[in-house]
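Chemist: What follows is final.tsv, made up of TSV, C-alpha atoms:
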```
chain	number	residue	atom	x	y	z
A	929	MET	CA	0.00	0.00	0.00
A	930	THR	CA	2.88	2.37	0.78
A	931	LEU	CA	4.49	1.58	-2.55
A	932	ALA	CA	1.21	2.05	-4.42
A	933	ALA	CA	0.61	5.44	-2.77
A	934	VAL	CA	4.08	6.68	-3.73
A	935	VAL	CA	3.82	5.32	-7.29
A	936	MET	CA	0.44	6.94	-7.94
A	937	GLY	CA	1.55	10.23	-6.40
A	938	VAL	CA	4.73	10.43	-8.50
A	939	ALA	CA	2.95	9.40	-11.71
A	940	GLY	CA	0.13	11.89	-11.03
A	941	ILE	CA	2.53	14.81	-10.62
A	942	ILE	CA	4.40	13.86	-13.81
A	943	LEU	CA	1.18	13.66	-15.82
A	944	THR	CA	-0.44	16.83	-14.49
A	945	GLY	CA	2.83	18.77	-14.71
A	946	GLY	CA	3.43	17.55	-18.26
A	947	PHE	CA	-0.11	18.52	-19.24
A	948	VAL	CA	0.34	22.05	-17.85
A	949	GLN	CA	3.71	22.41	-19.58
A	950	ASP	CA	2.11	21.42	-22.88
A	951	ILE	CA	-0.46	24.19	-22.39
A	952	PHE	CA	2.38	26.66	-21.85
A	953	PHE	CA	4.24	25.39	-24.91
A	954	GLN	CA	1.28	25.42	-27.28
A	955	LEU	CA	0.01	28.79	-26.06
A	956	GLY	CA	3.50	30.23	-26.43
A	957	GLU	CA	3.98	28.89	-29.94
A	958	ALA	CA	0.54	30.13	-30.96
A	959	THR	CA	1.39	33.60	-29.62
A	960	ILE	CA	4.74	33.67	-31.42
A	961	HIS	CA	3.58	32.26	-34.74
A	962	SER	CA	0.39	34.26	-35.09
A	963	GLN	CA	1.20	37.65	-33.56
A	964	THR	CA	4.41	38.61	-31.82
A	965	GLY	CA	7.33	36.67	-33.30
A	966	HIS	CA	10.14	35.78	-30.88
A	967	LEU	CA	11.60	39.29	-30.51
A	968	GLN	CA	10.49	42.80	-31.38
A	969	ILE	CA	12.53	46.00	-31.57
A	970	ALA	CA	10.83	49.40	-31.56
A	971	LYS	CA	10.83	52.75	-29.81
A	972	GLY	CA	10.21	52.29	-26.10
A	973	GLU	CA	7.06	54.43	-26.11
A	974	PHE	CA	5.55	52.28	-28.86
A	975	PHE	CA	5.22	49.29	-26.52
A	976	GLY	CA	3.32	51.40	-24.03
A	977	SER	CA	1.08	53.73	-26.07
A	978	GLY	CA	1.80	52.74	-29.66
A	979	SER	CA	-1.59	51.11	-30.12
A	980	ARG	CA	-3.25	54.54	-29.77
A	981	ARG	CA	-0.79	56.57	-31.87
A	982	PRO	CA	1.38	54.20	-33.93
A	983	GLU	CA	2.21	56.94	-36.46
A	984	ALA	CA	4.10	58.82	-33.73
A	985	PHE	CA	6.66	56.05	-33.18
A	986	LEU	CA	8.26	55.24	-36.52
A	987	ILE	CA	11.66	53.68	-37.32
A	988	ASP	CA	12.94	55.72	-40.28
A	989	LYS	CA	15.64	53.37	-41.64
A	990	PRO	CA	14.40	49.83	-40.99
A	991	GLU	CA	16.53	48.05	-43.60
A	992	GLN	CA	19.82	48.78	-41.81
A	993	LEU	CA	18.41	47.53	-38.53
A	994	LYS	CA	17.01	44.39	-40.16
A	995	LYS	CA	20.44	43.54	-41.59
A	996	ALA	CA	22.07	43.99	-38.17
A	997	ILE	CA	19.49	41.73	-36.50
A	998	ALA	CA	19.72	39.10	-39.26
A	999	SER	CA	23.46	38.73	-38.54
A	1000	ASP	CA	22.65	36.92	-35.29
A	1001	PRO	CA	23.15	33.14	-35.78
A	1002	SER	CA	19.82	32.23	-34.14
A	1003	VAL	CA	17.71	34.59	-36.27
A	1004	THR	CA	16.01	32.98	-39.27
A	1005	LEU	CA	13.93	35.92	-40.47
A	1006	THR	CA	13.37	39.62	-39.89
A	1007	MET	CA	10.53	41.80	-41.07
A	1008	GLY	CA	8.99	45.20	-40.52
A	1009	ARG	CA	5.44	45.98	-39.49
A	1010	LEU	CA	3.58	49.25	-39.78
A	1011	ASN	CA	0.56	49.62	-37.52
A	1012	PHE	CA	-2.32	52.02	-38.10
A	1013	GLN	CA	-5.90	52.65	-37.10
A	1014	GLY	CA	-8.72	53.46	-39.44
A	1015	LEU	CA	-12.09	52.60	-40.87
A	1016	LEU	CA	-13.03	49.82	-43.27
A	1017	ASN	CA	-16.00	50.53	-45.54
A	1018	ASN	CA	-17.90	47.87	-47.48
A	1019	GLY	CA	-20.06	50.38	-49.39
A	1020	ARG	CA	-22.82	50.29	-46.79
A	1021	SER	CA	-21.23	50.85	-43.39
A	1022	ASP	CA	-17.94	51.65	-41.66
A	1023	PHE	CA	-16.13	49.50	-39.12
A	1024	GLY	CA	-13.24	50.62	-36.89
A	1025	ILE	CA	-10.18	48.45	-37.41
A	1026	VAL	CA	-6.57	48.01	-36.31
A	1027	GLY	CA	-4.42	47.62	-39.40
A	1028	GLU	CA	-1.04	46.01	-40.00
A	1029	GLY	CA	1.22	46.58	-42.96
A	1030	ILE	CA	3.28	43.40	-43.31
A	1031	GLU	CA	6.00	41.86	-45.46
A	1032	ALA	CA	3.57	39.23	-46.61
A	1033	ASN	CA	5.91	36.49	-47.90
A	1034	THR	CA	8.10	36.63	-44.79
A	1035	GLU	CA	5.06	36.89	-42.51
A	1036	ALA	CA	3.68	33.68	-44.01
A	1037	LYS	CA	6.82	31.81	-42.89
A	1038	LEU	CA	6.36	32.99	-39.31
A	1039	GLY	CA	2.56	32.76	-39.12
A	1040	SER	CA	2.18	28.99	-39.01
A	1041	PHE	CA	-0.64	29.29	-36.42
A	1042	VAL	CA	-2.73	31.61	-38.60
A	1043	ALA	CA	-5.40	29.60	-40.42
A	1044	TYR	CA	-7.24	30.91	-43.46
A	1045	ILE	CA	-10.87	29.84	-43.26
A	1046	GLN	CA	-11.70	31.57	-46.55
A	1047	GLY	CA	-9.51	32.54	-49.47
A	1048	ARG	CA	-5.73	32.55	-49.08
A	1049	ALA	CA	-2.87	34.35	-47.40
A	1050	LEU	CA	-1.59	37.70	-48.56
A	1051	THR	CA	1.55	37.81	-50.76
A	1052	ASP	CA	3.94	40.61	-51.63
A	1053	ALA	CA	2.33	40.78	-55.08
A	1054	ASP	CA	-1.10	41.65	-53.60
A	1055	GLN	CA	-0.52	45.41	-53.49
A	1056	GLN	CA	-4.27	46.02	-53.73
A	1057	GLY	CA	-5.24	43.10	-51.51
A	1058	VAL	CA	-6.33	42.84	-47.87
A	1059	THR	CA	-6.89	39.95	-45.47
A	1060	LEU	CA	-9.43	40.26	-42.67
A	1061	GLY	CA	-9.75	38.77	-39.22
A	1062	GLU	CA	-12.74	36.46	-38.86
A	1063	GLY	CA	-14.60	38.95	-36.65
A	1064	VAL	CA	-14.10	41.83	-39.11
A	1065	ALA	CA	-15.37	39.71	-42.00
A	1066	LYS	CA	-18.49	38.73	-40.05
A	1067	ALA	CA	-19.20	42.28	-38.92
A	1068	LEU	CA	-19.10	43.67	-42.48
A	1069	LYS	CA	-20.35	40.47	-44.16
A	1070	LEU	CA	-17.33	40.26	-46.43
A	1071	ALA	CA	-15.84	37.35	-48.34
A	1072	PRO	CA	-12.88	36.89	-50.72
A	1073	GLY	CA	-13.41	38.86	-53.92
A	1074	ASP	CA	-15.37	41.70	-52.29
A	1075	SER	CA	-14.17	45.28	-52.65
A	1076	VAL	CA	-13.58	47.51	-49.62
A	1077	THR	CA	-12.24	50.98	-48.91
A	1078	LEU	CA	-9.68	51.53	-46.16
A	1079	ILE	CA	-9.55	54.99	-44.57
A	1080	ALA	CA	-6.71	56.16	-42.29
A	1081	ASN	CA	-5.02	59.36	-41.12
A	1082	THR	CA	-1.45	60.29	-42.04
A	1083	PRO	CA	0.99	61.59	-39.37
A	1084	GLU	CA	0.29	65.14	-40.63
A	1085	GLY	CA	-3.43	64.73	-39.95
A	1086	ALA	CA	-4.60	64.29	-43.54
A	1087	MET	CA	-7.06	61.56	-44.47
A	1088	ASN	CA	-6.06	58.95	-47.04
A	1089	THR	CA	-7.93	56.05	-48.63
A	1090	LEU	CA	-7.16	52.81	-50.44
A	1091	ASP	CA	-9.50	50.69	-52.55
A	1092	LEU	CA	-8.73	47.05	-51.86
A	1093	GLU	CA	-9.94	43.56	-52.68
A	1094	VAL	CA	-10.48	40.97	-49.95
A	1095	ILE	CA	-8.00	38.13	-50.51
A	1096	GLY	CA	-8.72	35.96	-47.48
A	1097	VAL	CA	-10.23	35.68	-44.01
A	1098	PHE	CA	-7.92	34.46	-41.24
A	1099	ARG	CA	-8.36	32.99	-37.78
A	1100	SER	CA	-5.66	33.11	-35.10
A	1101	PHE	CA	-5.77	31.82	-31.53
A	1102	SER	CA	-7.00	35.23	-30.25
A	1103	LYS	CA	-10.65	36.12	-30.75
A	1104	ASP	CA	-10.01	39.78	-29.89
A	1105	TYR	CA	-7.23	40.02	-32.47
A	1106	ASP	CA	-9.43	38.48	-35.18
A	1107	GLY	CA	-12.28	40.81	-34.28
A	1108	ARG	CA	-10.41	44.04	-35.11
A	1109	THR	CA	-7.42	43.32	-37.35
A	1110	VAL	CA	-6.88	43.67	-41.09
A	1111	ARG	CA	-3.60	43.13	-42.93
A	1112	ILE	CA	-2.27	44.73	-46.08
A	1113	THR	CA	1.18	44.67	-47.67
A	1114	LEU	CA	3.84	46.92	-46.11
A	1115	PRO	CA	4.27	49.11	-49.26
A	1116	ALA	CA	0.50	49.64	-49.39
A	1117	ALA	CA	0.44	50.62	-45.70
A	1118	GLN	CA	3.37	53.00	-46.17
A	1119	ASP	CA	1.57	54.58	-49.11
A	1120	LEU	CA	-1.63	54.88	-47.07
A	1121	ILE	CA	0.08	56.48	-44.08
A	1122	GLY	CA	2.59	58.44	-46.16
A	1123	THR	CA	5.82	57.21	-44.56
A	1124	PRO	CA	8.77	55.01	-45.58
A	1125	GLY	CA	9.21	53.81	-41.99
A	1126	VAL	CA	7.85	51.00	-39.84
A	1127	ASN	CA	6.81	50.76	-36.22
A	1128	VAL	CA	8.53	47.56	-35.23
A	1129	ILE	CA	11.10	45.04	-36.47
A	1130	VAL	CA	10.07	41.45	-35.75
A	1131	ALA	CA	12.64	38.66	-35.50
A	1132	GLY	CA	11.92	34.93	-35.81
A	1133	LEU	CA	14.37	32.45	-34.29
A	1134	LYS	CA	15.36	28.87	-35.07
A	1135	GLN	CA	13.71	27.71	-31.87
A	1136	THR	CA	11.92	29.34	-28.96
A	1137	ALA	CA	14.58	28.10	-26.52
A	1138	ASP	CA	17.03	30.55	-28.16
A	1139	THR	CA	14.97	33.59	-27.07
A	1140	GLU	CA	16.99	34.60	-24.01
A	1141	SER	CA	20.42	34.09	-25.57
A	1142	SER	CA	19.46	35.96	-28.74
A	1143	ALA	CA	17.84	38.77	-26.77
A	1144	ALA	CA	21.04	39.22	-24.74
A	1145	ARG	CA	23.09	39.59	-27.94
A	1146	LEU	CA	20.64	41.86	-29.76
A	1147	GLU	CA	19.91	44.26	-26.91
A	1148	SER	CA	23.16	46.12	-27.62
A	1149	ILE	CA	22.09	46.67	-31.24
A	1150	ALA	CA	18.75	48.05	-30.09
A	1151	LYS	CA	20.36	50.41	-27.56
A	1152	GLN	CA	22.83	51.75	-30.15
A	1153	THR	CA	19.91	52.89	-32.28
A	1154	GLY	CA	17.93	54.31	-29.33
A	1155	LEU	CA	15.36	51.52	-29.48
A	1156	GLU	CA	14.15	48.84	-27.06
A	1157	LEU	CA	13.99	45.07	-27.44
A	1158	ARG	CA	11.12	43.03	-26.06
A	1159	ARG	CA	10.80	39.27	-25.78
A	1160	TRP	CA	7.60	37.55	-26.80
A	1161	THR	CA	6.82	36.77	-23.15
A	1162	GLU	CA	6.83	40.51	-22.43
A	1163	LEU	CA	4.60	41.31	-25.39
A	1164	SER	CA	1.73	38.95	-24.56
A	1165	ASP	CA	-0.09	39.93	-21.38
A	1166	PHE	CA	-2.56	37.07	-21.89
A	1167	TYR	CA	0.24	34.49	-21.99
A	1168	PHE	CA	1.95	35.89	-18.89
A	1169	LYS	CA	-1.26	35.88	-16.84
A	1170	THR	CA	-2.25	32.41	-18.05
A	1171	VAL	CA	1.14	30.97	-17.09
A	1172	ASP	CA	0.99	32.64	-13.68
A	1173	LEU	CA	-2.51	31.22	-13.08
A	1174	TYR	CA	-1.63	27.66	-14.08
A	1175	GLU	CA	1.64	27.69	-12.15
A	1176	ARG	CA	-0.23	28.61	-8.98
A	1177	GLN	CA	-2.83	25.91	-9.64
A	1178	PHE	CA	-0.13	23.32	-10.27
A	1179	GLY	CA	1.64	24.34	-7.06
A	1180	VAL	CA	-1.58	23.77	-5.09
A	1181	LEU	CA	-2.05	20.42	-6.85
A	1182	GLN	CA	1.45	19.34	-5.90
A	1183	LEU	CA	0.74	20.25	-2.29
A	1184	ILE	CA	-2.51	18.24	-2.34
A	1185	VAL	CA	-0.72	15.21	-3.82
A	1186	LEU	CA	2.03	15.51	-1.21
A	1187	VAL	CA	-0.52	15.61	1.62
A	1188	MET	CA	-2.47	12.64	0.20
A	1189	VAL	CA	0.69	10.57	-0.23
A	1190	LEU	CA	1.86	11.61	3.22
A	1191	LEU	CA	-1.40	10.56	4.87
A	1192	SER	CA	-1.54	7.25	2.97
A	1193	VAL	CA	2.06	6.37	3.75
A	1194	THR	CA	1.70	7.45	7.39
A	1195	ASN	CA	-1.29	5.16	7.77
A	1196	THR	CA	0.40	2.12	6.26
A	1197	VAL	CA	3.69	2.71	8.11
A	1198	ASN	CA	1.80	3.06	11.39
A	1199	MET	CA	-0.01	-0.24	10.75
A	1200	THR	CA	3.23	-1.98	9.81
A	1201	VAL	CA	5.11	-0.71	12.85
A	1202	PHE	CA	2.25	-1.66	15.16
A	1203	GLU	CA	2.14	-5.22	13.79
A	1204	ARG	CA	5.93	-5.57	14.14
A	1205	GLN	CA	6.28	-4.33	17.70
A	1206	GLY	CA	7.19	-7.80	18.87
A	1207	GLU	CA	9.91	-8.00	16.21
A	1208	PHE	CA	11.32	-4.65	17.29
A	1209	GLY	CA	11.23	-5.81	20.95
A	1210	THR	CA	13.26	-8.88	20.02
A	1211	VAL	CA	15.77	-6.73	18.13
A	1212	ARG	CA	16.12	-4.46	21.17
A	1213	ALA	CA	16.47	-7.47	23.50
A	1214	LEU	CA	19.35	-8.77	21.37
A	1215	GLY	CA	21.30	-5.60	22.11
A	1216	ASN	CA	20.31	-3.12	19.38
A	1217	ARG	CA	19.89	0.44	20.54
A	1218	SER	CA	16.66	2.42	20.11
A	1219	ARG	CA	18.47	4.69	17.66
A	1220	GLN	CA	19.23	1.68	15.44
A	1221	VAL	CA	15.56	0.68	15.43
A	1222	PHE	CA	14.61	4.24	14.50
A	1223	VAL	CA	17.13	4.26	11.64
A	1224	MET	CA	15.85	0.86	10.45
A	1225	VAL	CA	12.27	2.13	10.15
A	1226	LEU	CA	13.44	5.27	8.34
A	1227	THR	CA	15.62	3.21	5.97
A	1228	GLU	CA	12.76	0.89	5.07
A	1229	SER	CA	10.46	3.82	4.27
A	1230	LEU	CA	13.19	5.61	2.35
A	1231	LEU	CA	13.80	2.50	0.22
A	1232	LEU	CA	10.06	2.19	-0.40
A	1233	GLY	CA	10.04	5.85	-1.45
A	1234	LEU	CA	12.99	5.34	-3.82
A	1235	ILE	CA	11.48	2.21	-5.39
A	1236	GLY	CA	8.07	3.87	-5.63
A	1237	ALA	CA	9.61	6.95	-7.27
A	1238	VAL	CA	11.38	4.82	-9.89
A	1239	ILE	CA	8.21	2.84	-10.66
A	1240	GLY	CA	6.14	6.05	-10.65
A	1241	ILE	CA	8.49	7.69	-13.14
A	1242	ALA	CA	8.29	4.64	-15.40
A	1243	LEU	CA	4.50	4.48	-15.13
A	1244	GLY	CA	4.03	8.23	-15.65
A	1245	SER	CA	6.37	8.25	-18.65
A	1246	ALA	CA	4.59	5.27	-20.21
A	1247	ILE	CA	1.16	6.88	-19.81
A	1248	ALA	CA	2.53	10.18	-21.15
A	1249	ALA	CA	3.92	8.40	-24.20
A	1250	LEU	CA	0.57	6.69	-24.81
A	1251	ILE	CA	-1.33	9.97	-24.51
A	1252	GLY	CA	1.27	11.59	-26.78
A	1253	PHE	CA	0.52	8.96	-29.40
A	1254	ILE	CA	-3.26	9.43	-29.13
A	1255	GLY	CA	-3.63	13.10	-28.11
A	1256	ILE	CA	-6.35	14.76	-26.06
A	1257	PRO	CA	-8.84	16.85	-28.07
A	1258	MET	CA	-9.34	20.12	-26.20
A	1259	PRO	CA	-12.05	22.78	-26.65
A	1260	PRO	CA	-11.06	26.36	-27.52
A	1261	PRO	CA	-9.46	28.14	-24.56
A	1262	PRO	CA	-10.92	31.43	-23.30
A	1263	ASN	CA	-10.82	34.27	-25.85
A	1264	SER	CA	-10.26	31.85	-28.73
A	1265	ASN	CA	-12.25	30.13	-31.48
A	1266	VAL	CA	-9.66	27.42	-32.11
A	1267	GLY	CA	-9.48	24.08	-30.31
A	1268	TYR	CA	-6.26	22.10	-30.08
A	1269	THR	CA	-4.84	18.67	-29.29
A	1270	ALA	CA	-3.12	18.41	-25.91
A	1271	TYR	CA	-0.23	16.11	-25.06
A	1272	ILE	CA	1.81	15.24	-21.98
A	1273	ARG	CA	5.36	16.60	-22.03
A	1274	ILE	CA	8.09	14.84	-20.09
A	1275	VAL	CA	9.93	17.70	-18.40
A	1276	PRO	CA	13.09	16.66	-16.48
A	1277	THR	CA	12.56	19.22	-13.70
A	1278	ILE	CA	8.99	18.02	-13.10
A	1279	VAL	CA	10.12	14.37	-13.11
A	1280	LEU	CA	12.81	15.10	-10.53
A	1281	ASN	CA	10.38	17.15	-8.46
A	1282	ALA	CA	7.82	14.32	-8.54
A	1283	ALA	CA	10.45	11.81	-7.45
A	1284	PHE	CA	11.50	14.10	-4.60
A	1285	VAL	CA	7.88	14.48	-3.45
A	1286	GLY	CA	7.40	10.69	-3.38
A	1287	ILE	CA	10.65	10.02	-1.50
A	1288	ALA	CA	10.13	12.92	0.91
A	1289	ALA	CA	6.56	11.84	1.68
A	1290	ALA	CA	7.66	8.29	2.51
A	1291	PHE	CA	10.54	9.52	4.65
A	1292	ILE	CA	8.54	12.15	6.55
A	1293	ALA	CA	5.68	9.70	7.16
A	1294	SER	CA	8.03	7.27	8.93
A	1295	LEU	CA	9.49	9.78	11.39
A	1296	LEU	CA	6.74	9.70	14.04
A	1297	PRO	CA	6.02	5.92	13.92
A	1298	GLY	CA	9.76	5.18	14.00
A	1299	TRP	CA	10.30	7.48	16.96
A	1300	ARG	CA	7.40	5.94	18.87
A	1301	VAL	CA	8.51	2.33	18.40
A	1302	SER	CA	12.10	3.17	19.27
A	1303	ARG	CA	10.91	4.65	22.57
A	1304	MET	CA	8.84	1.63	23.63
A	1305	LEU	CA	10.01	-0.37	26.63
A	1306	ILE	CA	11.50	-3.71	25.59
A	1307	VAL	CA	9.16	-5.69	27.84
A	1308	ASP	CA	6.08	-3.95	26.40
A	1309	ALA	CA	7.26	-4.64	22.87
A	1310	LEU	CA	7.97	-8.33	23.62
A	1311	ARG	CA	4.41	-8.86	24.91
A	1312	HIS	CA	3.21	-8.52	21.31
A	1313	ASN	CA	4.99	-11.83	20.53
A	1314	VAL	CA	2.74	-13.70	22.92
```
I need this file expressed as structure tokens, please.
Modeler:
Amino acid sequence: MTLAAVVMGVAGIILTGGFVQDIFFQLGEATIHSQTGHLQIAKGEFFGSGSRRPEAFLIDKPEQLKKAIASDPSVTLTMGRLNFQGLLNNGRSDFGIVGEGIEANTEAKLGSFVAYIQGRALTDADQQGVTLGEGVAKALKLAPGDSVTLIANTPEGAMNTLDLEVIGVFRSFSKDYDGRTVRITLPAAQDLIGTPGVNVIVAGLKQTADTESSAARLESIAKQTGLELRRWTELSDFYFKTVDLYERQFGVLQLIVLVMVLLSVTNTVNMTVFERQGEFGTVRALGNRSRQVFVMVLTESLLLGLIGAVIGIALGSAIAALIGFIGIPMPPPPNSNVGYTAYIRIVPTIVLNAAFVGIAAAFIASLLPGWRVSRMLIVDALRHNV
């Protein structure tokens, strides 16, 4: 029973921890490959108030900065984005939108989590084309092939318009983003706003694990040009709050598992020690000290904890591999229209933590029973043999 309690506790922590880590991973990749990229460089004020006045925070010579960023060995792509606010008109009504001028071909390489539910993705050749978020398309009842007029203000305060054709309707992981965003090519956005600049340079990396090392190298380039660098974790408030929430929940879950394992092991160790009081009395009568009896009880529980941890790791890893082969269909998370398939990730730190919890629970549970039996009088212990 002690072994079973430790095994189930260790396996449970590995599975729940791996499930939570998969949520973090998939949410992070969706954020990177549909909106933020791995790194962004822009004027510091843009990250704070740029959404309200993007035309006030422009990078005038983006090509030089892109070349400097692309020299980093971990960077696979760089691209500029020009943000703007305006109105989209379908000939019958206006709708307030948040616009992005993008380098369409490069953006397509990064945006692997952007799905096109109608039409196709924008390309650099679509100078008169526009792609709409799903919410925008529904609000204006637009579909690929329809004509729209985009209206925006220039930095000088003048009003400019573009006549565009809807190329596609996209869906990302964020419902809010899809409900307000339209995308046009960067040259078209620069022509609309009347500027050769961009608001932000986005960098994509070979792998997300390179984020910190690349950011450390590229921060000096940003500072030399009077700009600031932000990591994707700093750019997504939703991701940061979600991770913080789940980490707290997982911490509480670990505590609950520890308490359950501790109570189960304490109960079985108490029963075992009680049934073996006569044996311990005989050991004491043969000359063993009470300290040796105490150490013997602790050693037995510690060995059970070690064996249970090893079996629990094997069991948890096997179940995780099976779930990884099958997958768990999940409904759309909050603020999203897109479901996903969840898996269990084997994370070394979680595995070691689970093993520690199992071993520690078995060891701690044996302290009180071991101390009690070591303090029993020999004659009282021997009576249990009768």
Chemist: Kindly give the distance, in Å, that separates CA of Asn1127 (chain A) and CA of Leu993 (chain A), rounded to a single decimal.
Modeler: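 About the pair CA of Asn1127 (chain A) and CA of Leu993 (chain A): they are 12.3 Å apart.
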Chemist: One number please: CA of Phe947 (chain A) to CA of Thr959 (chain A), in Å, one decimal.
Modeler: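 These two atoms are separated by 18.4 Å.
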Chemist: Work out how far apart CA of Gly1255 (chain A) and CA of Ala939 (chain A) are and give it in Å to one decimal.
Modeler: 18.1 Å
Chemist: Write out as a ChimeraX atom specification the residues lying within 12 Å of Gly976 (chain A), counting all atoms listed in the file and excluding same-chain residues fewer than 4 positions away.
Modeler: /A:970-972,980-982,985,1156,1158,1162-1163
Chemist: Go through A:Leu1133, A:Ile1278, A:Ala1289, A:Val1221 and flag the residue nearest Ile960 (chain A), using all atoms listed in the file for the distances.
Modeler: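 Result for the nearest residue to Ile960 (chain A): A:Leu1133.
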Chemist: List as a tab-separated table every residue of region 942-968 of chain A that is in contact with region 1039-1049 of chain A, defined as an atom at most 9 Å from one of its atoms (using all atoms listed in the file), together with the nearest atom pair and the distance in Å rounded to one decimal, sorted by chain and then rising number.
Modeler:
```
residue	atom	partner	partner_atom	distance
A:Glu957	CA	A:Phe1041	CA	8.0
A:Ala958	CA	A:Phe1041	CA	5.6
A:Thr959	CA	A:Phe1041	CA	8.3
A:Ile960	CA	A:Gly1039	CA	8.1
A:His961	CA	A:Gly1039	CA	4.5
A:Ser962	CA	A:Gly1039	CA	4.8
A:Gln963	CA	A:Gly1039	CA	7.5
A:Gly965	CA	A:Gly1039	CA	8.5
```
Chemist: Give me region 1153-1166 of chain A with N, CA, C and O atoms filled in, as a PDB file, keeping the file's coordinate frame.
Modeler:
```pdb
ATOM      1  N   THR A1153      20.810  52.137 -31.400  1.00  0.00           N
ATOM      2  CA  THR A1153      19.910  52.890 -32.280  1.00  0.00           C
ATOM      3  C   THR A1153      18.818  53.625 -31.494  1.00  0.00           C
ATOM      4  O   THR A1153      17.884  54.168 -32.092  1.00  0.00           O
ATOM      5  N   GLY A1154      18.910  53.620 -30.156  1.00  0.00           N
ATOM      6  CA  GLY A1154      17.930  54.310 -29.330  1.00  0.00           C
ATOM      7  C   GLY A1154      16.591  53.604 -29.249  1.00  0.00           C
ATOM      8  O   GLY A1154      15.564  54.228 -28.944  1.00  0.00           O
ATOM      9  N   LEU A1155      16.587  52.299 -29.495  1.00  0.00           N
ATOM     10  CA  LEU A1155      15.360  51.520 -29.480  1.00  0.00           C
ATOM     11  C   LEU A1155      15.373  50.537 -28.311  1.00  0.00           C
ATOM     12  O   LEU A1155      16.367  50.385 -27.611  1.00  0.00           O
ATOM     13  N   GLU A1156      14.262  49.845 -28.117  1.00  0.00           N
ATOM     14  CA  GLU A1156      14.150  48.840 -27.060  1.00  0.00           C
ATOM     15  C   GLU A1156      13.797  47.491 -27.661  1.00  0.00           C
ATOM     16  O   GLU A1156      13.101  47.414 -28.677  1.00  0.00           O
ATOM     17  N   LEU A1157      14.292  46.444 -27.010  1.00  0.00           N
ATOM     18  CA  LEU A1157      13.990  45.070 -27.440  1.00  0.00           C
ATOM     19  C   LEU A1157      13.054  44.436 -26.430  1.00  0.00           C
ATOM     20  O   LEU A1157      13.264  44.556 -25.214  1.00  0.00           O
ATOM     21  N   ARG A1158      12.052  43.756 -26.916  1.00  0.00           N
ATOM     22  CA  ARG A1158      11.120  43.030 -26.060  1.00  0.00           C
ATOM     23  C   ARG A1158      11.022  41.580 -26.500  1.00  0.00           C
ATOM     24  O   ARG A1158      10.965  41.283 -27.697  1.00  0.00           O
ATOM     25  N   ARG A1159      10.999  40.698 -25.521  1.00  0.00           N
ATOM     26  CA  ARG A1159      10.800  39.270 -25.780  1.00  0.00           C
ATOM     27  C   ARG A1159       9.310  38.994 -25.946  1.00  0.00           C
ATOM     28  O   ARG A1159       8.470  39.757 -25.461  1.00  0.00           O
ATOM     29  N   TRP A1160       9.006  37.867 -26.561  1.00  0.00           N
ATOM     30  CA  TRP A1160       7.600  37.550 -26.800  1.00  0.00           C
ATOM     31  C   TRP A1160       6.822  37.389 -25.500  1.00  0.00           C
ATOM     32  O   TRP A1160       5.620  37.685 -25.437  1.00  0.00           O
ATOM     33  N   THR A1161       7.506  36.928 -24.442  1.00  0.00           N
ATOM     34  CA  THR A1161       6.820  36.770 -23.150  1.00  0.00           C
ATOM     35  C   THR A1161       6.428  38.120 -22.567  1.00  0.00           C
ATOM     36  O   THR A1161       5.460  38.209 -21.805  1.00  0.00           O
ATOM     37  N   GLU A1162       7.146  39.165 -22.914  1.00  0.00           N
ATOM     38  CA  GLU A1162       6.830  40.510 -22.430  1.00  0.00           C
ATOM     39  C   GLU A1162       5.738  41.172 -23.257  1.00  0.00           C
ATOM     40  O   GLU A1162       5.090  42.115 -22.791  1.00  0.00           O
ATOM     41  N   LEU A1163       5.543  40.683 -24.467  1.00  0.00           N
ATOM     42  CA  LEU A1163       4.600  41.310 -25.390  1.00  0.00           C
ATOM     43  C   LEU A1163       3.181  40.774 -25.243  1.00  0.00           C
ATOM     44  O   LEU A1163       2.224  41.420 -25.655  1.00  0.00           O
ATOM     45  N   SER A1164       3.050  39.578 -24.665  1.00  0.00           N
ATOM     46  CA  SER A1164       1.730  38.950 -24.560  1.00  0.00           C
ATOM     47  C   SER A1164       1.278  38.930 -23.109  1.00  0.00           C
ATOM     48  O   SER A1164       1.711  38.078 -22.325  1.00  0.00           O
ATOM     49  N   ASP A1165       0.438  39.866 -22.736  1.00  0.00           N
ATOM     50  CA  ASP A1165      -0.090  39.930 -21.380  1.00  0.00           C
ATOM     51  C   ASP A1165      -0.955  38.713 -21.076  1.00  0.00           C
ATOM     52  O   ASP A1165      -0.941  38.179 -19.956  1.00  0.00           O
ATOM     53  N   PHE A1166      -1.695  38.238 -22.080  1.00  0.00           N
ATOM     54  CA  PHE A1166      -2.560  37.070 -21.890  1.00  0.00           C
ATOM     55  C   PHE A1166      -1.729  35.837 -21.549  1.00  0.00           C
ATOM     56  O   PHE A1166      -2.078  35.073 -20.647  1.00  0.00           O
TER      57      PHE A1166
END
```
